[in-house]
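Raw final.csv, CSV, C-alpha atoms and all ligand atoms:
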chain,number,residue,atom,x,y,z
A,171,MET,CA,170.6,110.0,-37.4
A,172,LYS,CA,169.5,107.3,-35.1
A,173,THR,CA,171.9,104.8,-36.7
A,174,ILE,CA,174.8,107.2,-36.3
A,175,ARG,CA,173.9,107.8,-32.6
A,176,ALA,CA,173.6,104.1,-32.0
A,177,SER,CA,177.0,103.4,-33.6
A,178,LEU,CA,178.6,106.3,-31.7
A,179,VAL,CA,177.2,104.7,-28.4
A,180,LEU,CA,178.6,101.4,-29.6
A,181,PHE,CA,181.9,103.0,-30.4
A,182,PHE,CA,182.3,104.6,-27.0
A,183,ALA,CA,181.2,101.5,-25.3
A,184,ALA,CA,183.8,99.6,-27.2
A,185,ALA,CA,186.4,102.2,-26.5
A,186,SER,CA,185.8,102.2,-22.8
A,187,LEU,CA,185.8,98.4,-22.8
A,188,SER,CA,189.1,98.2,-24.6
A,189,CYS,CA,190.5,100.9,-22.1
A,190,GLU,CA,189.4,98.7,-19.2
A,191,HIS,CA,191.0,95.8,-20.9
A,192,GLU,CA,194.3,97.6,-21.4
A,193,ALA,CA,194.4,99.2,-17.9
A,194,ALA,CA,197.2,97.5,-16.1
A,195,VAL,CA,196.1,95.7,-13.0
A,196,PRO,CA,198.4,94.2,-10.4
A,197,PRO,CA,198.9,90.4,-10.7
A,198,ALA,CA,196.3,88.7,-8.6
A,199,SER,CA,198.4,85.8,-7.2
A,200,PRO,CA,201.9,85.8,-5.6
A,201,ALA,CA,203.1,83.3,-8.3
A,202,ASP,CA,202.3,85.9,-11.0
A,203,THR,CA,203.9,88.8,-9.2
A,204,PRO,CA,207.3,89.6,-10.6
A,205,VAL,CA,210.3,91.3,-8.9
A,206,TYR,CA,211.5,94.4,-10.7
A,207,VAL,CA,215.2,94.1,-11.0
A,208,THR,CA,217.5,97.1,-11.6
A,209,ILE,CA,221.2,96.7,-12.5
A,210,TYR,CA,223.3,99.6,-11.6
A,211,SER,CA,226.9,100.7,-11.3
A,212,HIS,CA,228.7,103.3,-9.2
A,213,ASN,CA,231.8,105.3,-9.8
A,214,GLU,CA,233.0,107.1,-6.8
A,215,ARG,CA,234.8,110.3,-5.8
A,216,THR,CA,237.7,108.1,-4.4
A,217,LEU,CA,240.7,109.5,-6.2
A,218,SER,CA,242.9,106.5,-5.6
A,219,ARG,CA,240.4,104.5,-7.6
A,220,PHE,CA,239.0,106.9,-10.2
A,221,GLY,CA,241.4,109.8,-10.4
A,222,GLY,CA,243.6,108.1,-13.0
A,223,PHE,CA,240.8,108.0,-15.5
A,224,ARG,CA,240.6,111.8,-15.4
A,225,GLU,CA,244.3,112.4,-15.7
A,226,SER,CA,245.0,111.4,-19.3
A,227,LEU,CA,243.3,110.5,-22.6
A,228,ALA,CA,244.7,107.0,-22.3
A,229,GLY,CA,243.2,106.6,-18.8
A,230,TYR,CA,239.9,108.0,-20.0
A,231,LEU,CA,239.8,105.6,-23.0
A,232,GLU,CA,240.3,102.6,-20.8
A,233,PHE,CA,237.3,103.6,-18.6
A,234,ARG,CA,235.2,104.6,-21.6
A,235,GLU,CA,235.7,101.2,-23.2
A,236,GLY,CA,234.6,99.6,-19.9
A,237,MET,CA,231.4,101.7,-20.0
A,238,ILE,CA,230.6,100.7,-23.5
A,239,PHE,CA,231.4,97.1,-22.8
A,240,ASN,CA,229.1,96.9,-19.8
A,241,ALA,CA,226.2,98.7,-21.4
A,242,LYS,CA,226.4,96.5,-24.6
A,243,LEU,CA,226.7,93.3,-22.5
A,244,ILE,CA,223.6,94.1,-20.4
A,245,ALA,CA,221.6,95.2,-23.5
A,246,SER,CA,222.6,92.0,-25.3
A,247,TYR,CA,220.7,90.0,-22.6
A,248,GLY,CA,217.7,92.2,-22.9
A,249,LEU,CA,218.3,93.6,-19.5
A,250,LYS,CA,218.3,97.2,-18.3
A,251,TYR,CA,221.2,99.3,-17.0
A,252,ASN,CA,221.3,102.3,-14.7
A,253,TRP,CA,224.6,104.1,-15.0
A,254,GLN,CA,225.2,106.2,-11.8
A,255,SER,CA,228.1,108.6,-11.7
A,256,ASP,CA,229.9,110.9,-9.3
A,257,TYR,CA,231.8,113.9,-10.3
A,258,VAL,CA,235.4,112.6,-11.0
A,259,ILE,CA,234.3,110.5,-14.0
A,260,LEU,CA,231.9,113.3,-15.2
A,261,GLU,CA,235.0,115.6,-15.2
A,262,ALA,CA,237.0,113.0,-17.1
A,263,ILE,CA,234.2,112.9,-19.7
A,264,ALA,CA,234.0,116.7,-19.9
A,265,GLN,CA,237.8,116.8,-20.4
A,266,TRP,CA,238.4,114.0,-22.9
A,267,GLU,CA,235.2,112.9,-24.6
A,268,LYS,CA,235.6,115.2,-27.6
A,269,LEU,CA,239.0,113.8,-28.4
A,270,ALA,CA,237.8,110.2,-27.9
A,271,LEU,CA,234.8,110.7,-30.2
A,272,GLU,CA,236.9,112.4,-32.9
A,273,ALA,CA,239.4,109.5,-32.8
A,274,ASP,CA,236.8,106.8,-33.4
A,275,PRO,CA,233.3,108.1,-34.1
A,276,SER,CA,232.0,104.7,-35.2
A,277,ARG,CA,232.5,103.2,-31.7
A,278,THR,CA,229.5,105.2,-30.4
A,279,ASN,CA,227.6,105.7,-33.7
A,280,GLY,CA,229.0,109.2,-33.9
A,281,LYS,CA,227.6,110.2,-30.5
A,282,HIS,CA,228.8,111.5,-27.2
A,283,VAL,CA,229.3,108.4,-25.1
A,284,LEU,CA,226.6,109.3,-22.6
A,285,ARG,CA,224.1,109.9,-25.5
A,286,TYR,CA,225.1,106.7,-27.1
A,287,LEU,CA,224.5,104.8,-23.9
A,288,ALA,CA,221.1,106.5,-23.3
A,289,GLU,CA,219.8,106.6,-26.9
A,290,ASP,CA,221.3,103.5,-28.5
A,291,LEU,CA,221.5,101.1,-25.5
A,292,GLY,CA,218.6,102.3,-23.4
A,293,VAL,CA,220.7,103.1,-20.3
A,294,SER,CA,219.3,105.4,-17.6
A,295,ILE,CA,222.0,108.0,-16.9
A,296,GLU,CA,221.8,108.9,-13.2
A,297,VAL,CA,223.8,110.6,-10.5
A,298,HIS,CA,225.4,109.1,-7.4
A,299,ALA,CA,227.2,111.2,-4.8
A,300,HIS,CA,228.9,110.4,-1.5
A,301,GLU,CA,228.1,114.0,-0.6
A,302,SER,CA,229.9,114.0,2.7
A,303,GLN,CA,233.2,113.0,1.2
A,304,ASN,CA,235.5,115.8,-0.1
A,305,PRO,CA,238.7,114.2,-1.3
A,306,GLU,CA,240.0,117.4,-2.8
A,307,PRO,CA,239.7,119.9,0.0
A,308,PHE,CA,241.8,122.5,-1.8
A,309,ARG,CA,239.9,122.1,-5.1
A,310,PHE,CA,236.4,123.0,-3.8
A,311,ALA,CA,235.2,125.0,-0.9
A,312,ALA,CA,232.5,122.4,-0.6
A,313,PRO,CA,232.3,119.1,-2.5
A,314,PRO,CA,230.0,118.9,-5.5
A,315,ASN,CA,226.6,117.6,-4.4
A,316,TYR,CA,223.6,116.1,-6.2
A,317,ALA,CA,222.5,119.4,-7.7
A,318,ASP,CA,225.9,119.9,-9.2
A,319,LEU,CA,226.1,116.4,-10.6
A,320,ALA,CA,222.8,116.8,-12.3
A,321,ARG,CA,223.9,120.1,-13.8
A,322,MET,CA,227.2,118.6,-14.9
A,323,VAL,CA,225.5,115.8,-16.9
A,324,TRP,CA,223.4,118.4,-18.6
A,325,GLU,CA,226.4,120.6,-19.4
A,326,ILE,CA,228.5,117.8,-20.8
A,327,ALA,CA,226.0,115.7,-22.7
A,328,GLY,CA,222.7,117.7,-22.8
A,329,ILE,CA,221.0,114.9,-20.9
A,330,GLU,CA,218.4,115.6,-18.1
A,331,VAL,CA,219.0,113.0,-15.5
A,332,PRO,CA,215.9,111.6,-13.7
A,333,PRO,CA,215.2,113.3,-10.3
A,334,LEU,CA,216.8,110.4,-8.6
A,335,MET,CA,219.5,110.4,-5.9
A,336,GLY,CA,221.6,107.2,-6.3
A,337,GLY,CA,222.2,106.9,-2.6
A,338,SER,CA,222.2,109.0,0.6
A,339,THR,CA,222.5,108.6,4.4
A,340,PRO,CA,220.8,110.1,7.4
A,341,ALA,CA,224.0,112.1,8.1
A,342,GLU,CA,223.9,113.6,4.7
A,343,ARG,CA,220.3,114.5,3.9
A,344,SER,CA,216.9,115.0,5.6
A,345,LEU,CA,213.5,114.9,3.9
A,346,GLU,CA,213.0,118.5,4.8
A,347,GLU,CA,216.1,119.5,2.8
A,348,LEU,CA,215.0,117.4,-0.2
A,349,ALA,CA,211.5,119.0,-0.1
A,350,GLN,CA,213.1,122.4,-0.3
A,351,GLY,CA,215.5,121.4,-3.1
A,352,ILE,CA,219.2,121.0,-3.1
A,353,ALA,CA,221.2,124.1,-3.9
A,354,GLY,CA,224.4,123.5,-5.8
A,355,ASN,CA,227.8,123.9,-4.0
A,356,VAL,CA,229.6,124.6,-7.3
A,357,TYR,CA,226.9,125.7,-9.7
A,358,GLU,CA,224.1,128.2,-9.0
A,359,THR,CA,221.3,125.8,-9.3
A,360,THR,CA,218.6,124.1,-7.3
A,361,TRP,CA,217.6,120.5,-7.9
A,362,PHE,CA,214.5,118.7,-6.6
A,363,PRO,CA,215.0,115.0,-6.1
A,364,LYS,CA,211.9,112.9,-6.1
A,365,ILE,CA,213.3,109.4,-6.0
A,366,LEU,CA,215.9,107.7,-3.8
A,367,SER,CA,217.7,104.5,-4.6
A,368,GLY,CA,220.5,102.9,-2.7
A,369,PHE,CA,219.8,104.4,0.7
A,370,ALA,CA,222.4,103.5,3.4
A,371,TYR,CA,222.1,103.8,7.2
A,372,GLN,CA,225.8,104.7,7.4
A,373,ALA,CA,228.3,106.1,5.0
A,374,GLY,CA,230.1,103.9,2.5
A,375,HIS,CA,229.0,100.5,1.2
A,376,GLY,CA,229.2,97.3,3.2
A,377,PRO,CA,227.6,95.1,5.8
A,378,GLY,CA,225.2,97.1,8.0
A,379,ALA,CA,225.4,100.2,5.9
A,380,ASP,CA,223.2,99.7,2.8
A,381,SER,CA,219.5,99.1,3.3
A,382,SER,CA,218.3,95.7,2.1
A,383,LEU,CA,214.6,96.5,1.9
A,384,SER,CA,212.6,95.6,-1.3
A,385,GLY,CA,209.6,97.5,-2.7
A,386,VAL,CA,208.6,101.0,-3.5
A,387,TRP,CA,207.2,103.4,-0.9
A,388,ARG,CA,207.5,107.0,0.4
A,389,PRO,CA,209.8,106.9,3.5
A,390,SER,CA,208.6,108.9,6.5
A,391,GLU,CA,212.2,109.8,7.4
A,392,LEU,CA,215.7,109.3,6.2
A,393,SER,CA,216.6,107.6,9.5
A,394,ASP,CA,217.1,104.2,11.0
A,395,GLY,CA,213.6,103.9,12.4
A,396,GLY,CA,211.7,106.0,9.8
A,397,TYR,CA,213.0,104.8,6.4
A,398,ALA,CA,211.0,101.6,6.4
A,399,VAL,CA,207.8,103.4,7.4
A,400,HIS,CA,205.6,104.6,4.5
A,401,ASP,CA,204.2,108.2,4.6
A,402,ASP,CA,201.9,109.5,1.8
A,403,ALA,CA,203.2,113.0,2.5
A,404,SER,CA,206.9,112.2,2.0
A,405,PRO,CA,208.6,114.2,-0.8
A,406,VAL,CA,210.5,111.2,-2.1
A,407,ILE,CA,209.8,107.7,-3.4
A,408,ALA,CA,212.2,105.0,-2.3
A,409,ILE,CA,213.2,102.1,-4.4
A,410,GLY,CA,214.5,99.2,-2.4
A,411,GLY,CA,217.5,97.3,-3.7
A,412,GLY,CA,217.3,94.0,-1.7
A,413,ASN,CA,220.7,92.6,-1.3
A,414,GLY,CA,222.1,94.7,-4.2
A,415,PHE,CA,225.4,95.4,-2.5
A,416,GLY,CA,226.4,91.8,-1.9
A,417,SER,CA,228.5,89.9,-4.4
A,418,PHE,CA,226.7,88.9,-7.6
A,419,GLU,CA,226.1,85.5,-5.9
A,420,ASP,CA,224.6,87.0,-2.8
A,421,SER,CA,222.4,89.4,-4.8
A,422,LEU,CA,221.1,86.5,-7.0
A,423,ALA,CA,220.6,84.3,-3.9
A,424,TYR,CA,218.4,87.0,-2.5
A,425,LEU,CA,216.5,87.2,-5.8
A,426,ASP,CA,216.1,83.4,-5.9
A,427,GLU,CA,214.8,83.3,-2.4
A,428,LEU,CA,212.3,86.1,-3.0
A,429,THR,CA,211.0,84.7,-6.3
A,430,ALA,CA,210.7,81.2,-4.6
A,431,LYS,CA,208.6,82.8,-1.7
A,432,LEU,CA,206.4,84.4,-4.3
A,433,ALA,CA,206.0,81.2,-6.2
A,434,SER,CA,204.9,79.3,-3.1
A,435,GLY,CA,202.7,82.1,-1.8
A,436,GLN,CA,204.8,82.7,1.4
A,437,VAL,CA,204.8,86.4,0.7
A,438,PRO,CA,201.8,88.3,-0.5
A,439,GLY,CA,201.4,89.0,-4.2
A,440,GLY,CA,199.9,91.9,-6.1
A,441,ARG,CA,202.4,94.3,-4.7
A,442,ILE,CA,205.6,95.7,-6.2
A,443,TYR,CA,208.8,94.0,-5.3
A,444,THR,CA,212.3,95.2,-6.3
A,445,ALA,CA,215.9,94.0,-6.1
A,446,SER,CA,219.2,95.2,-7.5
A,447,ILE,CA,222.4,93.9,-8.9
A,448,THR,CA,225.2,96.4,-8.6
A,449,PHE,CA,228.9,96.7,-9.4
A,450,PRO,CA,231.7,99.2,-8.9
A,451,GLU,CA,232.6,100.4,-12.4
A,452,ASP,CA,236.4,100.2,-11.8
A,453,HIS,CA,236.2,96.6,-10.6
A,454,MET,CA,234.4,95.7,-13.8
A,455,LEU,CA,237.6,96.6,-15.8
A,456,GLU,CA,239.0,93.3,-14.5
A,457,ALA,CA,238.4,90.3,-16.7
A,458,ASP,CA,237.6,88.0,-13.8
A,459,LEU,CA,234.7,90.0,-12.6
A,460,ARG,CA,233.4,90.4,-16.2
A,461,ALA,CA,233.1,86.7,-16.5
A,462,GLU,CA,231.2,86.5,-13.2
A,463,PHE,CA,229.0,89.3,-14.2
A,464,GLU,CA,228.1,87.7,-17.5
A,465,ALA,CA,227.2,84.5,-15.6
A,466,ALA,CA,224.9,86.6,-13.5
A,467,LEU,CA,223.3,88.1,-16.6
A,468,VAL,CA,222.6,84.7,-18.0
A,469,ARG,CA,220.7,83.8,-14.8
A,470,LEU,CA,218.8,87.1,-14.8
A,471,LYS,CA,217.8,86.5,-18.4
A,472,ALA,CA,216.4,83.1,-17.5
A,473,LEU,CA,214.4,84.6,-14.7
A,474,ALA,CA,213.1,87.3,-17.0
A,475,ASP,CA,212.2,84.8,-19.7
A,476,ALA,CA,210.3,82.8,-17.0
A,477,GLY,CA,208.3,85.9,-16.0
A,478,LYS,CA,209.8,85.8,-12.5
A,479,ILE,CA,211.5,89.2,-12.9
A,480,VAL,CA,211.1,92.3,-15.0
A,481,ALA,CA,214.3,94.1,-15.9
A,482,ALA,CA,213.9,97.8,-15.4
A,483,THR,CA,215.5,101.2,-15.2
A,484,HIS,CA,214.8,103.1,-12.0
A,485,PRO,CA,212.4,105.5,-13.9
A,486,GLY,CA,210.8,102.3,-15.3
A,487,VAL,CA,210.2,100.9,-11.8
A,488,ILE,CA,208.4,104.2,-10.8
A,489,GLN,CA,206.3,104.0,-14.0
A,490,ALA,CA,205.3,100.4,-13.2
A,491,TRP,CA,204.6,101.3,-9.6
A,492,LYS,CA,202.2,104.1,-10.7
A,493,ASP,CA,200.7,102.3,-13.8
A,494,VAL,CA,200.4,98.7,-12.6
A,495,TYR,CA,200.2,99.1,-8.8
A,496,GLY,CA,198.3,102.4,-8.5
A,497,SER,CA,201.2,103.8,-6.4
A,498,SER,CA,200.4,101.4,-3.6
A,499,PRO,CA,203.4,101.2,-1.2
A,500,ASN,CA,205.2,98.0,-0.5
A,501,VAL,CA,208.0,97.7,2.1
A,502,TYR,CA,209.4,94.2,2.2
A,503,GLY,CA,212.0,93.3,4.7
A,504,THR,CA,213.1,94.8,8.0
A,505,ARG,CA,216.1,97.0,7.3
A,601,ZN,ZN,228.9,104.6,-4.0
In structure tokens, write the structure found in this file.
Amino acid sequence: MKTIRASLVLFFAAASLSCEHEAAVPPASPADTPVYVTIYSHNERTLSRFGGFRESLAGYLEFREGMIFNAKLIASYGLKYNWQSDYVILEAIAQWEKLALEADPSRTNGKHVLRYLAEDLGVSIEVHAHESQNPEPFRFAAPPNYADLARMVWEIAGIEVPPLMGGSTPAERSLEELAQGIAGNVYETTWFPKILSGFAYQAGHGPGADSSLSGVWRPSELSDGGYAVHDDASPVIAIGGGNGFGSFEDSLAYLDELTAKLASGQVPGGRIYTASITFPEDHMLEADLRAEFEAALVRLKALADAGKIVAATHPGVIQAWKDVYGSSPNVYGTR
């Protein structure tokens, strides 16, 4: 009996030791602190750019091939992809995917294209809405919002998107609204976002609009002055994108600068840093941009292989923030 008890004590001691050993701790030095990099794409509700992909099977197939190409390319470099969609492309998928899949099941391993991306290529399927834009005023009384998009993805592919808004502006949403949940404009549904990526101070994308902060924190307000201020009581977690809306060159230059500052100890280590590489999905149908994008992926893979970055999905960033950094906030940058 004594022996059993002794070995049990030993067993538990060993178990707790090994737990301690496996518990993730933040890197101690700046040089060992990686930047979590998310690659994500947008398709928009701008009909002049995306309407054509919804109009015919041929238009849809062109877009679908682009989706598959991008997802496979990113996966082939061991990197992660967050596919963020607005409603025009979701409607195109709802309309044409069945025919596309029947015509060539082997292209997507016999799966709905969104399930193929998610299950076979590790893509995070997410929603992105420019909620204040309603390009089809006669089509909807009010434009589809985030709650509607999340519902649409569920309806068309049976995929539950992460509770993540792929962008918002102070004019569109307040934290109070997000805490109460977003009621659908089209569907009778309420959706509770918990994470925000791609915050912008003004509508649209471009200089002065998109936030260029890095890190993960809980913003005290969705406002010019409040976004960069952490508040434990905030209902959402923000993921900074760095210079994600620049050209690939600009986004990579930001990343090179940040990793260099970490390597030299110019910025504190042991905290979570983030940056994004983004692309408009329609632009990626052009061969020129594809070549530029692949060159960017080559550089990202080298940074990942050197341990300077960790490629992640947005849910993966949140997981690391909780598991490795104990949900400790980091807001890096000024705006
Ligand atoms: Zn957008």
Problem - Given 9 Å and only C-alpha atoms and all ligand atoms, residues near ligand ZN 601 (chain A) as a list in words - result: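 The residues within 9 Å of ligand ZN 601 (chain A), counting only C-alpha atoms and all ligand atoms, are Ser211, His212, Asn213, Glu214, Arg215, Gln254, Ser255, Asp256, His298, Ala299, His300, Gly336, Gly337, Gly368, Gly374, His375 and Pro450 of chain A.
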Exercise for the section: Rank A:Tyr424, A:Tyr230, A:Tyr247, A:Tyr397 by their smallest atom-to-atom distance to Leu470 (chain A), using all atoms listed in the file, and report the top residue only. Expected result: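 Among the listed residues, A:Tyr247 lies closest to Leu470 (chain A).
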Problem - Given only C-alpha atoms as the counted atoms, nearest of A:Ala474, A:Leu227, A:Glu456, A:Lys431 to Ser199 (chain A) - result: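 When distances to Ser199 (chain A) are compared using only C-alpha atoms, the smallest one comes from A:Lys431.
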Completion exercise
Closest of A:Ser276, A:Asn355, A:Ser382, A:Thr444 to Asn304 (chain A), counting all atoms listed in the file, is A:Asn355
Practice task
Name the closest residue to Pro485 (chain A) among the candidates A:Gly412, A:Pro332, A:Gly292, A:Pro314; distances are taken between atoms, counting only C-alpha atoms.
Solution key: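 Ranking A:Gly412, A:Pro332, A:Gly292, A:Pro314 by distance to Pro485 (chain A), first place goes to A:Pro332.
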Exercise for the section: Write out as a PyMOL selection string the residues lying within 9 Å of Leu334 (chain A), counting all atoms listed in the file and excluding same-chain residues fewer than 4 positions away. Expected result: chain A and resi 296-298+362-367+484-485
Problem - Exercise: Ala476 (chain A) partners within 12 Å, all atoms listed in the file, chain neighbours under 3 positions left out, as an MDAnalysis selection string - result: chainID A and resid 201:205 429 433 469:473 479:480
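CA of His282 (chain A) is found 18.9 Å from CA of Leu243 (chain A).
Nearest to Tyr502 (chain A) of all the residues A:Pro340, A:Gly411, A:Pro275, A:Gly222 is A:Gly411, based on only C-alpha atoms.
Our summary of the geometry notes that CA of Asn413 (chain A) is positioned 7.9 Å from CA of Ile447 (chain A).
For the pair CA of Gly416 (chain A) and CA of Ser302 (chain A), the interatomic distance is 22.9 Å.
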Fill in the blank from the handout: Counting only C-alpha atoms, the residue among A:Ser226, A:Thr483, A:Ser218, A:Ser446 that lies closest to Leu291 (chain A) is A:Thr483
Problem - Spatial sel., origin (231.1, 102.3, -31.3), limit 12 Å, only C-alpha atoms, listed as a count of residues only - result: 26
Restrict the calculation to all atoms listed in the file, then for each residue of region 346-391 of chain A with any atom at most 12 Å from an atom of region 492-496 of chain A give the closest atom pair and their distance in Å to one decimal, rows by chain and rising residue number, as a Markdown table.
| residue | atom | partner | partner_atom | distance |
| --- | --- | --- | --- | --- |
| A:Gly385 | CA | A:Tyr495 | CA | 11.3 |
| A:Val386 | CA | A:Tyr495 | CA | 10.1 |
| A:Trp387 | CA | A:Lys492 | CA | 11.0 |
Practice task
Can you pull out every residue within 8 Å of Trp361 (chain A), counting all atoms listed in the file, but drop anything in the same chain fewer than 5 positions away, and send it as a list in words?
Solution key: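 So, after excluding close chain neighbours, the residues are Tyr316, Ala317, Ala320, Pro333, Gly351, Ile352, Ala353 and Gly354 of chain A.
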Go ahead and write the residues just picked, C-alpha atoms, as a short mmCIF file (atom, residue, chain, number, x, y, z; two decimals), keeping the file's coordinate frame.
data_model
loop_
_atom_site.label_atom_id
_atom_site.label_comp_id
_atom_site.auth_asym_id
_atom_site.auth_seq_id
_atom_site.Cartn_x
_atom_site.Cartn_y
_atom_site.Cartn_z
CA TYR A 316 223.60 116.10 -6.20
CA ALA A 317 222.50 119.40 -7.70
CA ALA A 320 222.80 116.80 -12.30
CA PRO A 333 215.20 113.30 -10.30
CA GLY A 351 215.50 121.40 -3.10
CA ILE A 352 219.20 121.00 -3.10
CA ALA A 353 221.20 124.10 -3.90
CA GLY A 354 224.40 123.50 -5.80
#
Handout entry: Shell around Ile244 (chain A) at 10 Å using all atoms listed in the file, local window under 4 positions removed, as a PyMOL selection string
Key = chain A and resi 209+239-240+248-251+291+293+463-464+467-468+471
